[in-house]
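Undergrad: Sharing target.csv below, CSV, C-alpha atoms and all ligand atoms:
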```csv
chain,number,residue,atom,x,y,z
A,24,MET,CA,35.9,-64.6,39.2
A,25,PRO,CA,37.2,-62.1,39.3
A,26,ARG,CA,40.0,-63.3,37.0
A,27,ASP,CA,39.7,-64.1,33.3
A,28,THR,CA,40.8,-67.4,31.8
A,29,SER,CA,44.4,-66.1,31.4
A,30,GLY,CA,44.5,-65.2,35.1
A,31,HIS,CA,44.2,-61.4,34.5
A,32,LEU,CA,42.0,-59.4,36.8
A,33,VAL,CA,38.5,-58.4,36.0
A,34,PRO,CA,36.4,-55.9,38.0
A,35,GLY,CA,34.7,-57.5,41.0
A,36,ARG,CA,31.7,-56.4,43.2
A,37,LEU,CA,31.9,-53.6,45.7
A,38,SER,CA,30.7,-54.0,49.2
A,39,ALA,CA,28.3,-51.5,50.8
A,40,GLU,CA,29.7,-48.1,51.7
A,41,ARG,CA,31.6,-47.9,55.0
A,42,GLY,CA,30.5,-45.2,57.4
A,43,VAL,CA,32.7,-42.8,59.3
A,44,PRO,CA,31.6,-41.6,62.8
A,45,ARG,CA,30.1,-38.1,62.7
A,46,GLU,CA,32.6,-36.8,65.2
A,47,ILE,CA,35.6,-37.4,62.8
A,48,PRO,CA,36.2,-34.3,60.8
A,49,ARG,CA,36.0,-34.7,57.0
A,50,PRO,CA,38.3,-33.1,54.4
A,51,GLU,CA,36.6,-30.3,52.5
A,52,TYR,CA,36.1,-32.4,49.3
A,53,VAL,CA,33.7,-34.9,50.9
A,54,GLY,CA,30.3,-34.2,49.5
A,55,ARG,CA,31.7,-32.2,46.6
A,56,ARG,CA,32.6,-33.3,43.1
A,57,GLU,CA,36.2,-32.2,43.3
A,58,PRO,CA,38.6,-30.6,45.9
A,59,ARG,CA,39.0,-26.9,46.1
A,60,PRO,CA,42.3,-25.6,44.8
A,61,ASP,CA,45.1,-25.9,47.5
A,62,GLY,CA,45.1,-22.7,49.6
A,63,HIS,CA,48.2,-23.5,51.7
A,64,GLY,CA,51.2,-24.0,49.4
A,65,ASP,CA,53.9,-26.7,49.8
A,66,LEU,CA,56.0,-25.1,52.7
A,67,TYR,CA,55.0,-26.1,56.3
A,68,THR,CA,56.0,-24.8,59.8
A,69,PRO,CA,57.4,-27.2,62.4
A,70,GLU,CA,54.0,-27.3,64.1
A,71,GLU,CA,52.2,-28.2,60.9
A,72,ILE,CA,54.9,-30.9,60.1
A,73,ALA,CA,54.2,-32.5,63.4
A,74,ARG,CA,50.6,-32.8,62.5
A,75,ILE,CA,51.4,-34.3,59.1
A,76,ARG,CA,53.7,-36.7,60.8
A,77,GLU,CA,50.9,-37.8,63.1
A,78,SER,CA,48.6,-38.5,60.2
A,79,GLY,CA,51.4,-40.3,58.4
A,80,ARG,CA,52.1,-42.4,61.5
A,81,ILE,CA,48.5,-43.5,61.6
A,82,ALA,CA,48.4,-44.2,57.9
A,83,ALA,CA,51.7,-46.3,58.2
A,84,GLY,CA,50.2,-48.3,61.1
A,85,ALA,CA,47.2,-49.0,58.9
A,86,VAL,CA,49.4,-50.2,56.0
A,87,GLN,CA,51.2,-52.5,58.5
A,88,ALA,CA,47.9,-53.9,59.9
A,89,VAL,CA,46.7,-54.6,56.3
A,90,GLY,CA,50.1,-56.1,55.4
A,91,ALA,CA,49.8,-58.5,58.4
A,92,ALA,CA,46.5,-59.8,57.1
A,93,ILE,CA,47.6,-60.5,53.5
A,94,ARG,CA,47.5,-64.2,52.7
A,95,PRO,CA,46.0,-66.4,50.0
A,96,GLY,CA,42.2,-66.5,50.4
A,97,VAL,CA,41.7,-62.9,51.7
A,98,THR,CA,39.7,-60.4,49.5
A,99,THR,CA,40.8,-56.9,48.8
A,100,ASP,CA,37.6,-55.7,50.4
A,101,GLU,CA,38.5,-57.5,53.6
A,102,LEU,CA,41.8,-55.6,53.5
A,103,ASP,CA,39.9,-52.4,53.0
A,104,ALA,CA,37.8,-53.1,56.1
A,105,ILE,CA,40.9,-53.5,58.2
A,106,ALA,CA,42.3,-50.2,56.9
A,107,HIS,CA,39.0,-48.4,57.4
A,108,ARG,CA,38.6,-49.6,61.0
A,109,TYR,CA,42.2,-48.9,61.9
A,110,LEU,CA,41.9,-45.3,60.8
A,111,ILE,CA,38.6,-44.4,62.3
A,112,GLU,CA,39.6,-46.1,65.6
A,113,ARG,CA,42.4,-43.5,65.7
A,114,GLY,CA,40.2,-40.5,64.9
A,115,ALA,CA,41.4,-40.3,61.3
A,116,TYR,CA,39.3,-40.0,58.1
A,117,PRO,CA,40.3,-42.3,55.2
A,118,SER,CA,41.3,-39.6,52.7
A,119,THR,CA,40.4,-41.7,49.6
A,120,LEU,CA,36.8,-42.3,50.7
A,121,HIS,CA,34.6,-39.9,48.5
A,122,TYR,CA,37.7,-38.2,47.0
A,123,ARG,CA,36.6,-37.3,43.5
A,124,GLY,CA,34.0,-40.1,43.8
A,125,TYR,CA,36.4,-42.8,44.9
A,126,PRO,CA,34.3,-45.3,46.9
A,127,LYS,CA,36.7,-47.0,49.4
A,128,SER,CA,39.1,-46.3,52.3
A,129,SER,CA,42.3,-47.7,50.6
A,130,CYS,CA,43.6,-48.6,47.1
A,131,THR,CA,44.5,-52.2,46.6
A,132,SER,CA,46.4,-52.7,43.3
A,133,VAL,CA,47.0,-56.4,42.4
A,134,ASN,CA,49.5,-57.7,39.8
A,135,GLU,CA,49.0,-55.7,36.6
A,136,VAL,CA,47.2,-52.9,38.4
A,137,ILE,CA,49.6,-49.9,38.5
A,138,CYS,CA,47.5,-47.9,41.0
A,139,HIS,CA,44.0,-46.9,42.2
A,140,GLY,CA,42.7,-50.5,42.3
A,141,ILE,CA,39.3,-50.5,44.1
A,142,PRO,CA,38.9,-53.0,46.9
A,143,ASP,CA,36.3,-55.6,45.9
A,144,ASP,CA,35.5,-59.3,46.2
A,145,THR,CA,38.8,-60.2,44.3
A,146,VAL,CA,40.3,-63.2,46.2
A,147,LEU,CA,44.1,-63.0,46.6
A,148,VAL,CA,45.9,-66.1,45.5
A,149,GLU,CA,49.4,-67.4,46.2
A,150,GLY,CA,51.9,-65.7,43.8
A,151,ASP,CA,49.9,-62.4,43.6
A,152,ILE,CA,51.5,-59.1,44.5
A,153,VAL,CA,49.3,-56.4,46.0
A,154,ASN,CA,50.0,-52.7,46.7
A,155,VAL,CA,48.2,-51.1,49.6
A,156,ASP,CA,47.9,-47.3,49.5
A,157,ILE,CA,46.4,-45.5,52.5
A,158,THR,CA,46.1,-41.8,53.3
A,159,ALA,CA,44.9,-40.6,56.7
A,160,TYR,CA,43.4,-37.2,57.4
A,161,ARG,CA,43.6,-35.9,61.0
A,162,ASP,CA,43.9,-32.5,62.6
A,163,GLY,CA,43.7,-30.8,59.2
A,164,MET,CA,46.5,-32.8,57.5
A,165,HIS,CA,46.9,-35.8,55.2
A,166,GLY,CA,49.7,-38.4,55.4
A,167,ASP,CA,50.0,-40.7,52.3
A,168,LEU,CA,52.0,-43.9,51.8
A,169,ASN,CA,51.9,-47.2,50.1
A,170,ALA,CA,53.8,-50.5,50.0
A,171,THR,CA,53.7,-53.7,47.8
A,172,PHE,CA,53.3,-57.1,49.5
A,173,PRO,CA,53.8,-60.6,48.2
A,174,VAL,CA,50.8,-63.0,48.7
A,175,GLY,CA,52.4,-66.3,50.0
A,176,GLU,CA,55.3,-67.4,47.9
A,177,VAL,CA,55.8,-65.4,44.7
A,178,SER,CA,58.0,-65.9,41.6
A,179,GLU,CA,61.6,-64.8,41.7
A,180,PRO,CA,60.9,-62.0,39.1
A,181,ALA,CA,57.9,-60.8,41.2
A,182,ALA,CA,60.0,-60.7,44.4
A,183,ALA,CA,62.8,-58.9,42.6
A,184,LEU,CA,60.4,-56.3,41.2
A,185,ILE,CA,59.1,-55.6,44.7
A,186,GLU,CA,62.6,-55.2,46.2
A,187,HIS,CA,63.9,-53.1,43.3
A,188,THR,CA,60.8,-50.8,43.5
A,189,ARG,CA,61.4,-50.4,47.2
A,190,GLU,CA,65.0,-49.4,46.4
A,191,ALA,CA,63.9,-47.1,43.6
A,192,LEU,CA,61.9,-45.1,46.2
A,193,ASN,CA,65.0,-45.1,48.5
A,194,ARG,CA,67.1,-43.7,45.6
A,195,GLY,CA,64.5,-41.0,45.0
A,196,ILE,CA,64.5,-40.1,48.8
A,197,GLY,CA,68.3,-40.0,48.7
A,198,ALA,CA,68.2,-37.4,45.9
A,199,VAL,CA,66.2,-35.0,48.1
A,200,ALA,CA,68.2,-31.9,49.2
A,201,PRO,CA,67.5,-28.2,49.5
A,202,GLY,CA,68.6,-26.1,46.6
A,203,ARG,CA,68.2,-29.0,44.0
A,204,PRO,CA,65.4,-29.0,41.5
A,205,VAL,CA,62.7,-31.7,42.1
A,206,ASN,CA,63.5,-33.3,38.8
A,207,VAL,CA,66.7,-34.9,40.3
A,208,ILE,CA,64.3,-37.3,42.2
A,209,GLY,CA,63.0,-38.9,39.1
A,210,ARG,CA,66.4,-38.9,37.5
A,211,ALA,CA,67.7,-41.1,40.4
A,212,ILE,CA,64.6,-43.4,40.2
A,213,GLU,CA,64.7,-43.8,36.4
A,214,SER,CA,68.5,-44.5,36.2
A,215,TYR,CA,68.1,-47.2,38.9
A,216,ALA,CA,65.0,-48.8,37.2
A,217,ARG,CA,66.6,-48.9,33.8
A,218,ARG,CA,69.4,-51.1,35.0
A,219,PHE,CA,66.9,-53.9,35.3
A,220,GLY,CA,64.9,-53.1,32.2
A,221,TYR,CA,61.9,-52.0,34.1
A,222,GLY,CA,59.4,-49.4,32.8
A,223,VAL,CA,58.7,-46.2,34.8
A,224,VAL,CA,55.2,-44.9,34.8
A,225,ARG,CA,55.2,-41.2,33.8
A,226,ASP,CA,51.5,-40.2,34.0
A,227,TYR,CA,51.1,-40.7,37.7
A,228,THR,CA,53.5,-38.8,39.9
A,229,GLY,CA,54.4,-37.9,43.4
A,230,HIS,CA,52.7,-34.7,44.7
A,231,GLY,CA,52.6,-32.0,47.3
A,232,VAL,CA,50.5,-33.2,50.3
A,233,GLY,CA,49.5,-31.9,53.8
A,234,ALA,CA,46.7,-29.5,54.0
A,235,SER,CA,45.5,-30.8,50.6
A,236,PHE,CA,45.6,-34.4,49.5
A,237,HIS,CA,47.2,-33.4,46.2
A,238,SER,CA,48.4,-29.8,46.3
A,239,GLY,CA,49.3,-29.3,42.6
A,240,LEU,CA,53.0,-29.7,43.1
A,241,VAL,CA,54.1,-32.6,40.8
A,242,ILE,CA,57.1,-34.9,41.5
A,243,PRO,CA,57.9,-36.9,38.4
A,244,HIS,CA,59.5,-40.4,38.7
A,245,TYR,CA,61.5,-40.0,35.5
A,246,ASP,CA,64.1,-37.5,34.4
A,247,ALA,CA,61.8,-34.6,33.5
A,248,ALA,CA,64.7,-32.0,33.1
A,249,PRO,CA,64.6,-29.2,32.1
A,250,GLY,CA,61.0,-29.3,33.3
A,251,HIS,CA,59.9,-29.6,36.9
A,252,ASP,CA,62.8,-27.4,38.0
A,253,ARG,CA,61.2,-26.0,41.2
A,254,LEU,CA,63.9,-25.9,43.9
A,255,MET,CA,63.5,-28.0,47.0
A,256,GLU,CA,63.4,-25.9,50.2
A,257,PRO,CA,63.4,-26.9,53.9
A,258,GLY,CA,59.8,-27.3,55.1
A,259,MET,CA,58.6,-28.5,51.6
A,260,VAL,CA,56.3,-31.6,52.0
A,261,PHE,CA,55.6,-34.0,49.2
A,262,THR,CA,55.3,-37.7,48.3
A,263,ILE,CA,57.6,-39.9,46.2
A,264,GLU,CA,55.7,-42.9,44.8
A,265,PRO,CA,57.4,-44.7,41.9
A,266,MET,CA,55.5,-47.3,39.9
A,267,LEU,CA,57.8,-49.7,38.0
A,268,THR,CA,56.7,-52.3,35.5
A,269,MET,CA,58.3,-55.3,33.9
A,270,GLY,CA,59.6,-53.8,30.7
A,271,THR,CA,58.3,-55.0,27.4
A,272,PRO,CA,61.1,-56.3,25.2
A,273,GLU,CA,59.8,-54.3,22.2
A,274,ARG,CA,59.9,-50.9,24.0
A,275,PRO,CA,62.2,-51.1,27.0
A,276,GLY,CA,61.8,-48.3,29.5
A,277,THR,CA,58.2,-47.5,28.5
A,278,ALA,CA,55.2,-48.2,30.7
A,279,GLU,CA,52.0,-47.9,28.7
A,280,TRP,CA,48.7,-48.2,30.6
A,281,ASP,CA,45.0,-48.6,30.2
A,282,LEU,CA,42.1,-47.4,32.4
A,283,TRP,CA,39.3,-49.7,33.3
A,284,ASN,CA,35.7,-48.6,32.8
A,285,ASP,CA,35.4,-47.8,36.5
A,286,ASP,CA,37.5,-44.7,35.6
A,287,TRP,CA,40.0,-45.5,38.4
A,288,THR,CA,41.8,-48.8,37.9
A,289,VAL,CA,45.1,-48.2,36.0
A,290,VAL,CA,46.6,-51.4,34.4
A,291,THR,CA,49.7,-52.0,32.4
A,292,ARG,CA,48.8,-52.2,28.7
A,293,ASP,CA,50.6,-55.5,28.3
A,294,ARG,CA,49.2,-56.7,31.7
A,295,SER,CA,52.7,-57.3,33.0
A,296,LEU,CA,53.4,-57.0,36.7
A,297,THR,CA,53.9,-53.6,38.3
A,298,ALA,CA,54.9,-52.5,41.9
A,299,GLN,CA,54.9,-49.3,43.8
A,300,PHE,CA,56.2,-47.8,47.1
A,301,GLU,CA,55.3,-44.4,48.6
A,302,HIS,CA,56.4,-42.1,51.4
A,303,THR,CA,55.4,-38.6,52.4
A,304,LEU,CA,58.5,-36.6,53.4
A,305,VAL,CA,59.6,-33.1,54.4
A,306,VAL,CA,62.8,-31.5,53.0
A,307,THR,CA,65.3,-30.6,55.7
A,308,GLU,CA,68.7,-28.8,55.7
A,309,ARG,CA,70.2,-32.3,55.6
A,310,GLY,CA,67.9,-34.1,53.1
A,311,ALA,CA,64.6,-35.9,53.6
A,312,ASP,CA,62.8,-36.6,56.8
A,313,LEU,CA,60.1,-39.3,56.3
A,314,LEU,CA,56.7,-38.5,57.7
A,315,THR,CA,55.0,-41.9,57.1
A,316,LEU,CA,56.8,-44.2,59.5
A,317,PRO,CA,54.8,-46.3,62.0
B,1,LIG,N1,47.0,-42.3,47.7
B,1,LIG,C1,47.0,-42.1,46.2
B,1,LIG,C2,48.3,-41.3,46.0
B,1,LIG,O1,49.3,-41.8,46.4
B,1,LIG,C3,45.8,-41.4,45.7
B,1,LIG,C4,44.6,-42.2,45.7
B,1,LIG,S1,43.3,-41.2,45.1
B,1,LIG,C5,42.0,-42.3,45.1
B,1,LIG,O2,48.3,-40.2,45.5
B,1,LIG,F1,41.0,-41.6,44.9
B,1,LIG,F2,42.3,-43.2,44.1
B,1,LIG,F3,42.0,-43.0,46.1
B,2,CO,CO,50.3,-40.1,47.0
B,3,CO,CO,49.1,-42.9,48.2
```
Written as structure tokens, how would this file's structure read?
TA:
Amino acid sequence: MPRDTSGHLVPGRLSAERGVPREIPRPEYVGRREPRPDGHGDLYTPEEIARIRESGRIAAGAVQAVGAAIRPGVTTDELDAIAHRYLIERGAYPSTLHYRGYPKSSCTSVNEVICHGIPDDTVLVEGDIVNVDITAYRDGMHGDLNATFPVGEVSEPAAALIEHTREALNRGIGAVAPGRPVNVIGRAIESYARRFGYGVVRDYTGHGVGASFHSGLVIPHYDAAPGHDRLMEPGMVFTIEPMLTMGTPERPGTAEWDLWNDDWTVVTRDRSLTAQFEHTLVVTERGADLLTLP
């Protein structure tokens, strides 16, 4: 536990709720069923961008701190405790905590989990891969990133999936430029991923972020043209967060998924490995400026 006889994950047990000091301001959705519609829009002033960068810097530090603790024997809940403590010690609220009922301060997505894995008593073992996704809310702004880490030594295909997914995010970032439609981002990601026969997850996307956790702006990771043709503009802030899967031989390029009964954990339908990387960025005259660097 929590693995089945074929080594696939099964839901584990959640630890008690982690508290956040009263003096740390909460996002508006805490204590509500769902967030209010975004009231800001996706364009930000330099002063606002500086605030998103500060939230992003804190979130990136938390991902680094969690990454440094990843080893065989650690539980995903222990990783969540590190993330939670790192954020609140810096005056930031863990944006995922009580977002639409989500119960933890990070997402930890192991092996076949595409995204939104809930930290629990799952023990990481040598050869696993685990994505850590952390969003920090401070001074009215969210900064959102994630990275996938190997646990001890991993297989050659698993290591390659991690590195190719990191590069797929880089390709998406490289496609960012003012005056281009946002669908060029996914085109760059998908054409890179297909070279290796990976699937690209379509139903979870990048998003506008800043004053809201998810603004409503959608950034696909596949070629969605002629849809999703909003033009990028300087000052526009959003995430890119491709999820790649080991392609199934029958249907290369597809990435079918199932949802666990917890209504959060998204797994590949064939239980094949999947990896993800994410940054928050602002569009500039010259391209993309990353806002989630440590
Ligand atoms: N951080 C995730 C994203 O990249 C969202 C997690 S929402 C949660 O958009 F509720 F699952 F935590
Ligand atoms: Co995101
Ligand atoms: Co995220």
Undergrad: Neighbouring residues of ligand CO 2 (chain B) are defined here as those with any atom at most 12 Å from a ligand atom, counting only C-alpha atoms and all ligand atoms; list them as a VMD selection string.
TA: chain A and resid 79 82 118 to 119 129 to 130 138 to 139 155 to 159 165 to 170 227 to 233 235 to 243 260 to 266 299 to 304 315
Undergrad: So what do you get for atom CA of Asp226 of chain A versus atom CA of Tyr52 of chain A, distance-wise?
TA: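 Atom CA of Tyr52 of chain A lies 23.1 Å from atom CA of Asp226 of chain A.
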Undergrad: Could you list, as a PyMOL selection string, every residue within 12 Å of Arg94 of chain A, counting all atoms listed in the file and ignoring same-chain residues fewer than 2 positions away?
TA: chain A and resi 89-92+96-99+101-102+146-153+172-177
Undergrad: So, counting all atoms listed in the file, which residue among A:Met255, A:Ala216, A:Glu179, A:Gly222 is closest to Val305 of chain A?
TA: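 For Val305 of chain A, the nearest of the candidates is A:Met255.
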Undergrad: What does the distance between atom CA of Gly220 of chain A and atom CA of Ile196 of chain A come to in Å, to one decimal place?
TA: 21.1 Å
Undergrad: Skip Arg74 of chain A itself and residues of its chain fewer than 3 positions away, then list as a PyMOL selection string all residues within 9 Å of it, counting all atoms listed in the file.
TA: chain A and resi 69-71+77-79+161-165+233
Undergrad: Excluding segment 201-211 of chain A and any residue of its chain fewer than 3 positions from it, enumerate the residues within 8 Å of it, using all atoms listed in the file, and give them as a list in words.
TA: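 Listing them by chain and then by number gives Ala191, Arg194, Gly195, Ile196, Ala198, Ser214, Tyr215, Ile242, Pro243, His244, Tyr245, Asp246, Ala247, Ala248, Pro249, Gly250, His251, Asp252, Arg253, Leu254, Met255, Glu256, Pro257, Val306, Thr307, Glu308, Arg309 and Gly310 of chain A.
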Undergrad: Have a look at A:Leu120, A:Val199, A:Leu296, A:Leu282 and name the one nearest to Asn134 of chain A; count all atoms listed in the file.
TA: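 Closest candidate: A:Leu296.
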Undergrad: Considering all atoms listed in the file, can you say which of A:Val224, A:Leu314, A:Ile72, A:Ala234 comes closest to Val136 of chain A?
TA: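 Among A:Val224, A:Leu314, A:Ile72, A:Ala234, it is A:Val224 that comes nearest to Val136 of chain A.
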Undergrad: Between A:Pro60, A:Gly197, A:Pro142, A:Gly84, which residue has the minimum interatomic distance to Thr288 of chain A, considering all atoms listed in the file?
TA: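 So, comparing all the options, the nearest one is A:Pro142.
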Undergrad: Measure the distance from atom CA of Ala83 of chain A to atom CA of Glu135 of chain A in Å and round it to one decimal.
TA: 23.7 Å
